[in-house]
Every structure is written in C-alpha cells, then in structure tokens.
Amino acid sequence: MSVTSVRSDVRTRLWGKAGGRCQYDGCNKPLWLDTLTKAEFNTSYIAHIIADEPGGPRGDAVLSKELKSDISNLMLLCDEHHRLVDKADVPGHPVDRLLGMKELHEKRIELVTALGPQKRSHVVLYGANIGQQNAPLSMAKAAEAMLPDRYPAEARPIALGLVNSGITDRDDAYWKTESQQLSRLIEQQVRPRLGQGEVHHFSILALAPQPLLTMLGYLLSDIPAAEVYQLHREPPNWKWQDDPEGFAYEVVAPADTSGVPALVFSLSATINDERIQAVIPKASIWRVTVPSPNNDFLKSWRQASLFRVTMRSLLDRIKAEHGEHSTLHVFPAMPVALAVDFGRVIMPKADLKMILYDQNRALGGFVRALEIQQRS
C-alpha cells in the first residue's frame with residue numbers, strides 16, 4: 001500500500017487523464033458513484049506502478065524514490081483492481097503490463113473527449129427474428145464501431161423491433177406483424193425527434209431478414225444523415241475495415257426488357273436465373289453482383305457508398321426501360337448494411353412500386369414478403 005501522499009494537483013490531473021474511470025484493462029468502472037445504489041462519491045484509489053518504497057509491489061531501490069509523486073507512475077483504480085495489482089496477484093502485474101494499461105486507457109479517453117458536438121450520432125438498433133436466432137446488437141458494439149469518427153449522442157439507443165417475439169419468418173403473420181411494428185416504432189421514436197431538430201445523424205446497426213432491413217432503410221429514408229454498419233466475421237465486430245483495392249460492382253442488364261422487371265442482388269451469394277423464373281416465369285432480370293459473391297466481401301465505408309451511387313442510377317435506368325407504372329420484383333442476397341442502404345436510396349415519389357422477396361428454404365425458395373408502394 002502507498003505511504004506517499006500524492007499532491008492534490010497531481011490527483012486532479014490523473015482523474016482528468018483517466019476520465020474518472022478505472023484504468024485496469026477491460027474494467028472502465030466509473031469511480032464517482034456506487035453502481036448499485038447510484039450514490040455519488042469518490043470510490044477511486046491511486047496506485048503506484050512502481051511502489052513508492054523499495055519493499056513495496058514492483059519496488060525499486062532507485063526508481064521508487066524518484067517516481068513516487070510522478071503522474072507517469074500513477075494509476076486510477078477501483079477497489080477490486082487496486083487490491084488485485086498490489087496484493088492478490090503482484091507477480092501477474094509487472095511494471096510493463098500496468099504501464100501499457102495506463103497508456104491505452106489515457107489515449108482512449110483523450111480521443112473520445114476530443115470529439116466535438118458535430119460528431120454526435122444517435123444509435124439505432126434494429127433486430128427482428130432470423131429463424132430461431134437472436135440478433136447480437138448492443139450499445140457497446142455500436143460505440144466500438146463508431147469511434148473515433150463519431151460517438152453516441154445518448155447513453156441509450158433508439159431500439160426498434162420486436163423483443164423475444166414468438167413468431168418466426170415461417171409464420172404467415174410474420175411479415176405483416178414485423179413491418180407494422182417497425183413502422184409504428186419509427187413514427188413514435190424517430191419522426192418526432194427529427195421534426196423537433198433533436199437528431200442530426202444516425203448510426204444504424206441492424207440484423208433481420210433482408211426485406212425488413214430494406215423496409216427499415218425506406219422508412220428512415222436518406223433525408224437524415226446516417227451511416228449503416230456491417231457485422232463482420234473476421235474480426236467479429238461492426239467496425240469498418242480497410243478499403244479493398246480495385247473494387248467495383250457489376251450491373252448486368254437483361255437482353256430482353258419486355259418481361260416483368262426483376263432486380264437480383266447476387267452479392268453475398270449467387271442467385272441463378274432458374275430460382276427467379278420459378279417465381280416469375282417471364283422475368284427480365286437485372287443483376288447487381290461482384291466477381292466472387294460471398295458473405296465477407298463488404299469491408300469498407302467506401303464500398304457501401306459506391307453501392308448507394310450505383311443503385312440510384314440503376315433504379316432510374318430500370319424505370320426508363322420498363323415504364324413508371326411497372327412493379328419491380330426484388331430478390332436479395334446481400335450484406336445487412338446494403339439491404340438497409342438499398343431502402344434508404346428508394347425515392348417514394350419517383351421510383352417504381354416494389355415487391356420484396358425472402359429466401360426461405362423451409363417454404364421452398366423465394367417467397368413474397370413485403371411491398372413498397374409509390375407515394376403521390
């Protein structure tokens with residue numbers, strides 16, 4: 001235990017650098033309140049990395065005296081981790097390890113607190129049942145994805161979608177129930193705040209069947225600024241990665257445009273023509289694809305941006321070829337972020353009426369899920 005009284009100005013500087021939180025790796029506990037009772041008081045301990053006397057934890061015959069009041073040798077810790085590093089497991093906490101914890105924590109606090117008000121973004125989480133799986137969405141994952149470019153505007157997200165719903169995408173009522181609930185929640189939780197000017201940017205994390213993701217994007221529209229994030233498998237997080245060199249989307253137009261227009265997204269998997277023709281025998285198939293369709297091709301923000309640009313142009317082209325009174329049938333195999341972004345680029349008063357399909361093996365292939373109507 002420390003025998004040195006640290007000066008008040010050094011304590012204040014350390015509190016500021018630590019953001020008032022425990023600097024032990026992975027803890028981050030707020031040290032100004034009791035998290036159980038919510039009573040606010042100082043719960044912190046100031047620990048020496050190199051003990052302030054040679055016989056203490058990690059003590060040194062020379063450095064203990066030299067660094068006993070130096071802020072570079074001090075950590076702000078909660079009671080549990082103070083006891084851990086100084087009593088319960090001193091060998092497991094050498095000087096280099098503690099210095100590393102202190103450096104990473106203080107860099108993170110400096111980064112987060114340097115973000116200005118213009119970097120605030122309201123987090124939107126949307127999770128609906130996907131078969132029997134629950135959607136792995138959380139505020140912590142959203143914050144991790146957003147930093148360092150943005151930070152959550154509020155401690156709680158705008159949460160959309162049914163929680164612990166008993167229905168699945170096999171049930172007849174699923175699409176109607178989920179889409180109505182989604183529309184209702186957006187009207188209740190999003191539209192009033194947009195109207196009052198409270199929200200200027202959304203950060204969207206969503207996992208649901210693709211027709212519902214497109215409906216989410218459509219209901220939010222592209223009027224409010226937003227960024228839609230993608231869940232990656234490697235590493236397993238939502239943070240955008242480096243941009244692949246030479247990436248481009250490929251648009252394949254039908255040789256004959258006299259049939260019913262169908263838009264096929266062969267992005268996360270290949271959808272062959274036979275699967276579409278089983279639903280629409282006389283389809284004129286427009287296809288958006290990449291050289292090797294797979295679940296992991298979407299890595300970067302630029303790829304998502306390029307997709308939005310591609311889709312705005314393509315929807316105009318399809319309408320010009322088939323006429324503004326046609327209905328466009330949409331068959332998606334695409335990353336979740338692009339499914340939302342597709343909905344966001346649809347212009348309610350300009351683009352065609354659309355029917356969205358969902359691939360469901362239990363029901364024998366693509367099934368009709370949702371409609372997006374033109375608005376007058």
# chains A, B, ... in the order shown; residues from 1 in each chain; ligands from 1
$ select_by_dssp --residues "segment 160-303 of chain A" --states "strand (DSSP E or B)" --output "list in words"
Leu160, His201, Phe202, Ser203, Ile204, Leu205, Ala206, Leu207, Ala225, Ala226, Glu227, Val228, Glu250, Val251, Val252, Val260, Pro261, Ala262, Leu263, Val264, Phe265, Ser266, Ala283, Ser284, Ile285, Trp286, Arg287, Val288 and Thr289 of chain A
$ residues_around --residues "segment 94-97 of chain A" --least-positions-apart "2" --cutoff "9 Å" --atoms "only C-alpha atoms" --output "ChimeraX atom specification"
/A:49-50,58,85,90-92,99-102
$ write_last_selection --atoms "N, CA and C atoms" --output "compact mmCIF listing (two decimals), in the first residue's frame"
# COMPACT_ATOMS: atom_id res chain seq x y z
N ILE A 49 2.54 2.33 -9.82
CA ILE A 49 3.00 1.23 -10.68
C ILE A 49 4.30 0.68 -10.10
N ILE A 50 5.29 1.53 -9.93
CA ILE A 50 6.49 1.20 -9.15
C ILE A 50 6.24 1.73 -7.75
N ARG A 58 6.46 -4.14 -6.89
CA ARG A 58 7.26 -3.65 -8.03
C ARG A 58 8.23 -2.55 -7.60
N VAL A 85 -3.74 -5.74 -8.05
CA VAL A 85 -2.40 -5.46 -8.54
C VAL A 85 -1.39 -5.29 -7.40
N VAL A 90 0.45 -9.73 -7.44
CA VAL A 90 1.55 -8.82 -7.79
C VAL A 90 2.41 -9.40 -8.92
N PRO A 91 2.80 -10.69 -8.89
CA PRO A 91 3.63 -11.23 -9.99
C PRO A 91 2.95 -11.14 -11.34
N GLY A 92 1.63 -11.23 -11.35
CA GLY A 92 0.90 -11.17 -12.62
C GLY A 92 0.74 -9.76 -13.16
N LEU A 99 1.93 -0.20 -17.14
CA LEU A 99 2.19 0.97 -17.97
C LEU A 99 1.40 0.90 -19.28
N GLY A 100 1.31 -0.30 -19.83
CA GLY A 100 0.54 -0.49 -21.06
C GLY A 100 -0.94 -0.20 -20.86
N MET A 101 -1.49 -0.68 -19.73
CA MET A 101 -2.90 -0.41 -19.42
C MET A 101 -3.15 1.09 -19.30
N LYS A 102 -2.27 1.76 -18.56
CA LYS A 102 -2.40 3.20 -18.33
C LYS A 102 -2.35 3.97 -19.66
$ closest_residue --among "A:Pro332, A:Pro157, A:Pro192, A:Pro293" --to "Ala143 of chain A" --atoms "only C-alpha atoms"
A:Pro157
$ residues_around --residues "Leu212 of chain A" --least-positions-apart "4" --cutoff "12 Å" --atoms "only C-alpha atoms" --output "PyMOL selection string"
chain A and resi 126-130+160-161+169+174-183+206-208+216-219+332+336-337+339-343+355-358+369-372
$ write_last_selection --atoms "N, CA and C atoms" --output "CSV table (one decimal), in the first residue's frame"
chain,number,residue,atom,x,y,z
A,126,TYR,N,-31.8,-2.3,-34.7
A,126,TYR,CA,-33.0,-3.0,-35.2
A,126,TYR,C,-32.7,-4.4,-35.3
A,127,GLY,N,-33.4,-5.2,-34.5
A,127,GLY,CA,-33.3,-6.7,-34.5
A,127,GLY,C,-34.6,-7.4,-34.6
A,128,ALA,N,-34.8,-8.2,-35.6
A,128,ALA,CA,-36.0,-9.0,-35.7
A,128,ALA,C,-35.6,-10.4,-35.7
A,129,ASN,N,-36.5,-11.3,-35.5
A,129,ASN,CA,-36.2,-12.7,-35.5
A,129,ASN,C,-35.7,-13.2,-36.9
A,130,ILE,N,-34.5,-13.9,-36.9
A,130,ILE,CA,-34.0,-14.5,-38.1
A,130,ILE,C,-34.0,-16.0,-37.8
A,160,LEU,N,-35.5,-0.5,-32.1
A,160,LEU,CA,-36.6,-0.9,-32.9
A,160,LEU,C,-36.7,-2.4,-33.0
A,161,GLY,N,-37.9,-2.9,-33.3
A,161,GLY,CA,-38.1,-4.3,-33.5
A,161,GLY,C,-38.7,-5.0,-32.3
A,169,ASP,N,-40.0,-16.2,-39.3
A,169,ASP,CA,-40.3,-15.9,-40.7
A,169,ASP,C,-40.9,-17.1,-41.4
A,174,TYR,N,-45.9,-13.2,-39.9
A,174,TYR,CA,-44.6,-12.6,-39.6
A,174,TYR,C,-44.3,-11.2,-40.3
A,175,TRP,N,-44.4,-11.2,-41.6
A,175,TRP,CA,-44.0,-10.0,-42.3
A,175,TRP,C,-45.0,-8.8,-42.0
A,176,LYS,N,-46.3,-9.1,-41.9
A,176,LYS,CA,-47.2,-8.0,-41.6
A,176,LYS,C,-47.0,-7.5,-40.2
A,177,THR,N,-46.8,-8.4,-39.2
A,177,THR,CA,-46.6,-8.0,-37.8
A,177,THR,C,-45.3,-7.2,-37.7
A,178,GLU,N,-44.2,-7.7,-38.2
A,178,GLU,CA,-42.9,-7.1,-38.1
A,178,GLU,C,-42.9,-5.7,-38.7
A,179,SER,N,-43.4,-5.6,-40.0
A,179,SER,CA,-43.4,-4.3,-40.7
A,179,SER,C,-44.3,-3.3,-40.0
A,180,GLN,N,-45.4,-3.7,-39.5
A,180,GLN,CA,-46.3,-2.8,-38.8
A,180,GLN,C,-45.6,-2.3,-37.6
A,181,GLN,N,-45.0,-3.2,-36.8
A,181,GLN,CA,-44.3,-2.8,-35.6
A,181,GLN,C,-43.2,-1.8,-35.9
A,182,LEU,N,-42.4,-2.1,-36.9
A,182,LEU,CA,-41.3,-1.3,-37.3
A,182,LEU,C,-41.8,0.1,-37.7
A,183,SER,N,-42.8,0.2,-38.5
A,183,SER,CA,-43.4,1.5,-38.9
A,183,SER,C,-43.9,2.3,-37.7
A,206,ALA,N,-28.2,-3.2,-37.6
A,206,ALA,CA,-29.4,-3.9,-37.8
A,206,ALA,C,-29.1,-5.4,-38.3
A,207,LEU,N,-29.9,-6.3,-37.7
A,207,LEU,CA,-29.8,-7.7,-38.1
A,207,LEU,C,-31.3,-8.2,-38.2
A,208,ALA,N,-31.7,-8.6,-39.4
A,208,ALA,CA,-33.1,-9.1,-39.6
A,208,ALA,C,-33.1,-9.6,-41.0
A,216,LEU,N,-36.7,-1.0,-43.2
A,216,LEU,CA,-36.1,0.0,-42.3
A,216,LEU,C,-35.5,1.2,-42.9
A,217,GLY,N,-34.7,0.9,-43.9
A,217,GLY,CA,-34.0,2.0,-44.7
A,217,GLY,C,-35.0,2.9,-45.4
A,218,TYR,N,-36.0,2.3,-46.0
A,218,TYR,CA,-37.0,3.0,-46.7
A,218,TYR,C,-37.8,4.0,-45.7
A,219,LEU,N,-38.2,3.5,-44.6
A,219,LEU,CA,-38.9,4.3,-43.6
A,219,LEU,C,-38.0,5.4,-43.0
A,332,PRO,N,-33.1,-10.5,-52.9
A,332,PRO,CA,-31.8,-10.1,-52.4
A,332,PRO,C,-31.0,-11.2,-51.8
A,336,VAL,N,-26.2,-7.1,-44.7
A,336,VAL,CA,-27.2,-6.4,-44.0
A,336,VAL,C,-27.1,-4.9,-44.2
A,337,ALA,N,-25.9,-4.4,-44.2
A,337,ALA,CA,-25.8,-2.9,-44.3
A,337,ALA,C,-26.3,-2.4,-45.7
A,339,ALA,N,-28.6,-4.0,-47.5
A,339,ALA,CA,-30.0,-4.1,-47.5
A,339,ALA,C,-30.7,-2.9,-47.0
A,340,VAL,N,-30.2,-2.3,-45.9
A,340,VAL,CA,-30.7,-1.1,-45.3
A,340,VAL,C,-30.4,0.1,-46.3
A,341,ASP,N,-29.2,0.2,-46.8
A,341,ASP,CA,-28.9,1.3,-47.7
A,341,ASP,C,-29.8,1.2,-49.0
A,342,PHE,N,-30.1,0.0,-49.4
A,342,PHE,CA,-31.0,0.0,-50.6
A,342,PHE,C,-32.3,0.6,-50.3
A,343,GLY,N,-32.9,0.4,-49.1
A,343,GLY,CA,-34.1,1.0,-48.8
A,343,GLY,C,-34.0,2.5,-48.7
A,355,ILE,N,-41.9,-5.1,-54.9
A,355,ILE,CA,-42.2,-6.3,-54.1
A,355,ILE,C,-40.9,-7.0,-53.7
A,356,LEU,N,-40.8,-7.1,-52.4
A,356,LEU,CA,-39.5,-7.7,-51.8
A,356,LEU,C,-39.7,-9.1,-51.5
A,357,TYR,N,-38.8,-10.0,-51.9
A,357,TYR,CA,-38.9,-11.4,-51.7
A,357,TYR,C,-37.8,-11.8,-50.6
A,358,ASP,N,-38.1,-13.0,-50.0
A,358,ASP,CA,-37.2,-13.5,-49.0
A,358,ASP,C,-36.9,-15.0,-49.3
A,369,ALA,N,-42.7,-11.2,-49.6
A,369,ALA,CA,-42.6,-10.8,-48.2
A,369,ALA,C,-43.3,-9.4,-48.0
A,370,LEU,N,-42.8,-8.4,-48.6
A,370,LEU,CA,-43.3,-7.0,-48.3
A,370,LEU,C,-43.4,-6.2,-49.6
A,371,GLU,N,-44.3,-5.2,-49.6
A,371,GLU,CA,-44.4,-4.3,-50.7
A,371,GLU,C,-44.0,-2.9,-50.3
A,372,ILE,N,-43.4,-2.2,-51.3
A,372,ILE,CA,-43.1,-0.8,-51.1
A,372,ILE,C,-43.9,0.0,-52.2
$ residues_around --residues "Thr310 of chain A" --least-positions-apart "3" --cutoff "10 Å" --atoms "only C-alpha atoms" --output "MDAnalysis selection string"
chainID A and resid 248:251 288 304:307 313:315
$ write_last_selection --atoms "N, CA and C atoms" --output "mmCIF file, in the first residue's frame"
data_model
loop_
_atom_site.group_PDB
_atom_site.id
_atom_site.type_symbol
_atom_site.label_atom_id
_atom_site.label_comp_id
_atom_site.auth_asym_id
_atom_site.auth_seq_id
_atom_site.Cartn_x
_atom_site.Cartn_y
_atom_site.Cartn_z
ATOM 1 N N ALA A 248 -15.296 -2.899 -57.511
ATOM 2 C CA ALA A 248 -16.389 -2.297 -58.273
ATOM 3 C C ALA A 248 -17.564 -3.268 -58.317
ATOM 4 N N TYR A 249 -18.762 -2.719 -58.363
ATOM 5 C CA TYR A 249 -19.961 -3.541 -58.553
ATOM 6 C C TYR A 249 -20.191 -3.751 -60.047
ATOM 7 N N GLU A 250 -20.783 -4.882 -60.377
ATOM 8 C CA GLU A 250 -21.100 -5.187 -61.769
ATOM 9 C C GLU A 250 -22.615 -5.223 -61.936
ATOM 10 N N VAL A 251 -23.118 -4.455 -62.882
ATOM 11 C CA VAL A 251 -24.551 -4.447 -63.200
ATOM 12 C C VAL A 251 -24.743 -5.159 -64.529
ATOM 13 N N VAL A 288 -27.223 -7.222 -59.897
ATOM 14 C CA VAL A 288 -26.112 -6.496 -59.295
ATOM 15 C C VAL A 288 -25.251 -7.534 -58.584
ATOM 16 N N ALA A 304 -19.850 0.677 -49.373
ATOM 17 C CA ALA A 304 -21.261 0.983 -49.119
ATOM 18 C C ALA A 304 -21.678 2.243 -49.865
ATOM 19 N N SER A 305 -20.817 3.247 -49.865
ATOM 20 C CA SER A 305 -21.109 4.485 -50.581
ATOM 21 C C SER A 305 -21.242 4.231 -52.083
ATOM 22 N N LEU A 306 -20.334 3.424 -52.632
ATOM 23 C CA LEU A 306 -20.380 3.095 -54.055
ATOM 24 C C LEU A 306 -21.660 2.335 -54.391
ATOM 25 N N PHE A 307 -22.123 1.487 -53.486
ATOM 26 C CA PHE A 307 -23.383 0.764 -53.702
ATOM 27 C C PHE A 307 -24.549 1.746 -53.822
ATOM 28 N N SER A 313 -28.546 5.245 -59.761
ATOM 29 C CA SER A 313 -28.501 5.250 -61.222
ATOM 30 C C SER A 313 -29.282 4.085 -61.812
ATOM 31 N N LEU A 314 -29.148 2.896 -61.202
ATOM 32 C CA LEU A 314 -29.802 1.713 -61.749
ATOM 33 C C LEU A 314 -31.318 1.793 -61.637
ATOM 34 N N LEU A 315 -31.840 2.293 -60.529
ATOM 35 C CA LEU A 315 -33.298 2.390 -60.382
ATOM 36 C C LEU A 315 -33.890 3.330 -61.430
#
$ atom_distance --atom1 "atom CA of Gly197 of chain A" --atom2 "atom CA of Thr214 of chain A"
24.8 Å
$ select_by_dssp --residues "segment 4-92 of chain A" --states "alpha helix (DSSP H)" --output "JSON, numbers by chain"
{"A": [8, 9, 10, 11, 12, 13, 14, 15, 16, 17, 18, 63, 64, 65, 66, 79, 80, 81, 82, 83]}
$ atom_distance --atom1 "atom CA of Pro236 of chain A" --atom2 "atom CA of Leu147 of chain A"
16.1 Å
$ closest_residue --among "A:Leu76, A:Ala153, A:Leu36, A:Leu111" --to "Arg11 of chain A" --atoms "only C-alpha atoms"
A:Leu76
$ atom_distance --atom1 "atom CA of Trp238 of chain A" --atom2 "atom CA of Val290 of chain A"
21.4 Å
$ residues_around --residues "segment 59-74 of chain A" --least-positions-apart "6" --cutoff "7 Å" --atoms "only C-alpha atoms" --output "list in words"
Thr4, Val6, Val10, Leu14, Ile46, Ala47, His48, Ile49, Ile50, Ala51, Asp52 and Glu53 of chain A
$ closest_residue --among "A:Glu110, A:Phe247, A:Pro57, A:Met311" --to "Asp86 of chain A" --atoms "only C-alpha atoms"
A:Pro57
$ closest_residue --among "A:Leu98, A:Leu194, A:Lys38, A:Asp79" --to "Ile223 of chain A" --atoms "only C-alpha atoms"
A:Leu194
$ closest_residue --among "A:Ala18, A:Ala155, A:Leu328, A:Ala145" --to "Arg108 of chain A" --atoms "only C-alpha atoms"
A:Ala18
$ residues_around --residues "Glu144 of chain A" --least-positions-apart "6" --cutoff "9 Å" --atoms "only C-alpha atoms" --output "mmCIF file with N, CA and C atoms, in the first residue's frame"
data_model
loop_
_atom_site.group_PDB
_atom_site.id
_atom_site.type_symbol
_atom_site.label_atom_id
_atom_site.label_comp_id
_atom_site.auth_asym_id
_atom_site.auth_seq_id
_atom_site.Cartn_x
_atom_site.Cartn_y
_atom_site.Cartn_z
ATOM 1 N N TYR A 151 -19.425 9.527 -31.935
ATOM 2 C CA TYR A 151 -19.692 8.953 -30.625
ATOM 3 C C TYR A 151 -21.192 9.007 -30.354
ATOM 4 N N ASN A 237 -16.751 -7.888 -35.402
ATOM 5 C CA ASN A 237 -17.250 -6.616 -34.899
ATOM 6 C C ASN A 237 -17.921 -5.853 -36.040
ATOM 7 N N TRP A 238 -18.388 -4.641 -35.726
ATOM 8 C CA TRP A 238 -19.121 -3.821 -36.702
ATOM 9 C C TRP A 238 -18.255 -2.698 -37.267
ATOM 10 N N LYS A 239 -17.002 -2.651 -36.947
ATOM 11 C CA LYS A 239 -16.157 -1.520 -37.332
ATOM 12 C C LYS A 239 -15.732 -1.638 -38.797
#
$ closest_residue --among "A:Asp89, A:Glu198, A:Glu103, A:Glu154" --to "Pro224 of chain A" --atoms "only C-alpha atoms"
A:Glu198
$ residues_around --residues "Ala159 of chain A" --least-positions-apart "3" --cutoff "12 Å" --atoms "only C-alpha atoms" --output "list in words"
His122, Val123, Val124, Leu125, Tyr126, Gly127, Ala128, Leu137, Ser138, Met139, Arg156, Leu162, Val163, Gln181, Leu182, Leu185, Ile186, Gln188, Gln189, Val190, Ser203, Ile204, Leu205 and Ala206 of chain A
$ write_last_selection --atoms "N, CA and C atoms" --output "PDB file, in the first residue's frame"
ATOM      1  N   HIS A 122     -26.999   9.548 -33.104  1.00  0.00           N
ATOM      2  CA  HIS A 122     -27.975   8.752 -32.370  1.00  0.00           C
ATOM      3  C   HIS A 122     -27.941   7.312 -32.891  1.00  0.00           C
ATOM      4  N   VAL A 123     -27.756   6.383 -31.997  1.00  0.00           N
ATOM      5  CA  VAL A 123     -27.642   4.971 -32.359  1.00  0.00           C
ATOM      6  C   VAL A 123     -29.024   4.364 -32.555  1.00  0.00           C
ATOM      7  N   VAL A 124     -29.209   3.698 -33.680  1.00  0.00           N
ATOM      8  CA  VAL A 124     -30.437   2.958 -33.978  1.00  0.00           C
ATOM      9  C   VAL A 124     -30.091   1.477 -34.037  1.00  0.00           C
ATOM     10  N   LEU A 125     -30.745   0.675 -33.212  1.00  0.00           N
ATOM     11  CA  LEU A 125     -30.568  -0.768 -33.226  1.00  0.00           C
ATOM     12  C   LEU A 125     -31.869  -1.410 -33.672  1.00  0.00           C
ATOM     13  N   TYR A 126     -31.790  -2.255 -34.684  1.00  0.00           N
ATOM     14  CA  TYR A 126     -32.993  -2.964 -35.154  1.00  0.00           C
ATOM     15  C   TYR A 126     -32.696  -4.446 -35.258  1.00  0.00           C
ATOM     16  N   GLY A 127     -33.422  -5.239 -34.489  1.00  0.00           N
ATOM     17  CA  GLY A 127     -33.251  -6.689 -34.536  1.00  0.00           C
ATOM     18  C   GLY A 127     -34.593  -7.371 -34.576  1.00  0.00           C
ATOM     19  N   ALA A 128     -34.814  -8.160 -35.585  1.00  0.00           N
ATOM     20  CA  ALA A 128     -36.016  -8.970 -35.679  1.00  0.00           C
ATOM     21  C   ALA A 128     -35.588 -10.427 -35.746  1.00  0.00           C
ATOM     22  N   LEU A 137     -27.061  -7.432 -30.940  1.00  0.00           N
ATOM     23  CA  LEU A 137     -26.930  -5.988 -31.032  1.00  0.00           C
ATOM     24  C   LEU A 137     -26.779  -5.397 -29.645  1.00  0.00           C
ATOM     25  N   SER A 138     -25.929  -4.380 -29.506  1.00  0.00           N
ATOM     26  CA  SER A 138     -25.768  -3.733 -28.209  1.00  0.00           C
ATOM     27  C   SER A 138     -25.207  -2.338 -28.397  1.00  0.00           C
ATOM     28  N   MET A 139     -25.428  -1.490 -27.395  1.00  0.00           N
ATOM     29  CA  MET A 139     -24.897  -0.131 -27.422  1.00  0.00           C
ATOM     30  C   MET A 139     -23.375  -0.148 -27.399  1.00  0.00           C
ATOM     31  N   ARG A 156     -28.545   5.634 -24.230  1.00  0.00           N
ATOM     32  CA  ARG A 156     -29.451   4.563 -24.660  1.00  0.00           C
ATOM     33  C   ARG A 156     -29.720   4.693 -26.161  1.00  0.00           C
ATOM     34  N   LEU A 162     -39.300  -6.155 -32.559  1.00  0.00           N
ATOM     35  CA  LEU A 162     -39.934  -6.930 -31.510  1.00  0.00           C
ATOM     36  C   LEU A 162     -38.880  -7.615 -30.645  1.00  0.00           C
ATOM     37  N   VAL A 163     -39.130  -7.683 -29.347  1.00  0.00           N
ATOM     38  CA  VAL A 163     -38.226  -8.330 -28.396  1.00  0.00           C
ATOM     39  C   VAL A 163     -38.824  -9.658 -27.956  1.00  0.00           C
ATOM     40  N   GLN A 181     -45.018  -3.187 -36.828  1.00  0.00           N
ATOM     41  CA  GLN A 181     -44.343  -2.792 -35.587  1.00  0.00           C
ATOM     42  C   GLN A 181     -43.183  -1.840 -35.882  1.00  0.00           C
ATOM     43  N   LEU A 182     -42.426  -2.139 -36.922  1.00  0.00           N
ATOM     44  CA  LEU A 182     -41.317  -1.285 -37.294  1.00  0.00           C
ATOM     45  C   LEU A 182     -41.805   0.115 -37.662  1.00  0.00           C
ATOM     46  N   LEU A 185     -42.951   2.004 -34.492  1.00  0.00           N
ATOM     47  CA  LEU A 185     -41.860   2.457 -33.637  1.00  0.00           C
ATOM     48  C   LEU A 185     -41.116   3.642 -34.245  1.00  0.00           C
ATOM     49  N   ILE A 186     -40.957   3.640 -35.560  1.00  0.00           N
ATOM     50  CA  ILE A 186     -40.311   4.779 -36.207  1.00  0.00           C
ATOM     51  C   ILE A 186     -41.169   6.033 -36.061  1.00  0.00           C
ATOM     52  N   GLN A 188     -43.155   6.642 -33.630  1.00  0.00           N
ATOM     53  CA  GLN A 188     -43.161   7.040 -32.225  1.00  0.00           C
ATOM     54  C   GLN A 188     -41.809   7.568 -31.749  1.00  0.00           C
ATOM     55  N   GLN A 189     -40.735   6.919 -32.187  1.00  0.00           N
ATOM     56  CA  GLN A 189     -39.423   7.207 -31.605  1.00  0.00           C
ATOM     57  C   GLN A 189     -38.503   8.052 -32.480  1.00  0.00           C
ATOM     58  N   VAL A 190     -38.748   8.055 -33.789  1.00  0.00           N
ATOM     59  CA  VAL A 190     -37.826   8.727 -34.693  1.00  0.00           C
ATOM     60  C   VAL A 190     -38.411  10.010 -35.268  1.00  0.00           C
ATOM     61  N   SER A 203     -26.514   6.417 -36.491  1.00  0.00           N
ATOM     62  CA  SER A 203     -25.618   5.277 -36.697  1.00  0.00           C
ATOM     63  C   SER A 203     -26.462   4.034 -36.538  1.00  0.00           C
ATOM     64  N   ILE A 204     -26.568   3.246 -37.609  1.00  0.00           N
ATOM     65  CA  ILE A 204     -27.547   2.160 -37.674  1.00  0.00           C
ATOM     66  C   ILE A 204     -26.852   0.809 -37.653  1.00  0.00           C
ATOM     67  N   LEU A 205     -27.248  -0.039 -36.704  1.00  0.00           N
ATOM     68  CA  LEU A 205     -26.822  -1.430 -36.650  1.00  0.00           C
ATOM     69  C   LEU A 205     -28.084  -2.279 -36.698  1.00  0.00           C
ATOM     70  N   ALA A 206     -28.157  -3.189 -37.647  1.00  0.00           N
ATOM     71  CA  ALA A 206     -29.391  -3.948 -37.819  1.00  0.00           C
ATOM     72  C   ALA A 206     -29.086  -5.373 -38.262  1.00  0.00           C
TER      73      ALA A 206
END
